[in-house]
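Inspection log for the structure reproduced underneath, given as structure tokens.
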Amino acid sequence: IGNSTLFRLEEYKLPEFKVNIQTPEEAGIKKAFRLGDPVEVTVQADDYFGGAVSNATVEVLVYQKPFYHIWQPQRDYPWFYEDMSPFYRNYWGEGQVIKRESLRTDATGKVNLTFDTPRNAQQDFEYRIEARVTDASRREILGSETVRVTRQRYYVYPRPEHNLYRPQDKVNINIKTLDANSQPLAVEGRIKLTRDFWYEIWLDSDGREIKGADLESFRAKGSVFPPLPPAGGRPWQLKFRGYQQDEILTRLIKTGTDGETE
């Protein structure tokens, strides 16, 4: 008996009430909170036959874990990619409990909860609110909801229609703007397009700078680069190597109510 696992078997009963957790809405959509904002939550317990579960015990737990916003465009066959979702969405598990409180529902089956969020954090967070409601018959029903609290008001995702182009091709860039809850947002901003190219400057045996077309000419002449110095001369030296950037255009853009523009 010392190594046996003891358990209890109980009769299953259909739940007689439901628990909903509501967060504030703005213009009919779920509110996206910023770091430092207090988060207001309403827990509502209702019987399935229409009445409110009043004077019920409510244990509320708030879990906090890091949040990273990810968006992928709609695929033609979404069912094929269901098992390819990023593994780190659940990497942090349940997260840490930052608030635990025992409350009671009022005559309408409602209870309100407010918790604070860090103001100067260097990352975004997702909070899971879990409410365990126990009525007079000691029946416990659980409800949960998530709230995302971020440093920025929205996210921008520019995507080209193709990843490879030939000279003189027309390039179309689709732009998507979403809030933390992945709801489209109409915003206005400035887009800047730059062209990056690899650039090198060498010093030859006489100390002269060789770059641009002259450098390409030296590369094409022989199979060895940098060229071997003359007898007693100094070897070539690399002065600079890296990307240079040209600004191609700057334009004001505005996304529609669907959060899209081109």
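Please note that chains go A, B, ... in the order of the structure tokens, that every chain numbers its residues from 1, and that ligands are numbered from 1 in the order shown.
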
- prompt: Which residues, written as a VMD selection string, have at least one atom at most 12 Å from region 17-28 of chain A, with only C-alpha atoms counted and residues fewer than 3 positions away on the same chain left out?
  reply: chain A and resid 13 to 14 31 to 33 38 to 54 56 58 60 105 109 to 114 127 to 137 139 to 148 181 183 185

query: Please, which residues of region 19-173 of chain A, numbered as in this document, come out strand (DSSP E or B) from DSSP, as a VMD selection string?
result: chain A and resid 19 to 22 25 to 26 29 to 30 33 to 34 39 to 47 52 57 to 67 96 to 104 110 to 115 124 to 134 140 to 150 155 to 160 173

query: So how far away is CA of Glu262 (chain A) from CA of Val156 (chain A), in Å?
result: 12.6 Å

- prompt: What's the 6 Å shell around Lys65 (chain A), counting only C-alpha atoms, without same-chain residues fewer than 5 positions away, as a list in words?
  reply: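 Non-adjacent residues within range: Gly95, Phe125 and Glu126 of chain A.
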
Go ahead and save the picked residues with C-alpha atoms, as a PDB file, in the first residue's frame.
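Writing the result to result_24.pdb gives the following:
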```pdb
ATOM      1  CA  GLY A  95       4.072  32.033 -16.401  1.00  0.00           C
ATOM      2  CA  PHE A 125       3.688  40.690 -21.667  1.00  0.00           C
ATOM      3  CA  GLU A 126       0.667  38.420 -21.930  1.00  0.00           C
TER       4      GLU A 126
END
```
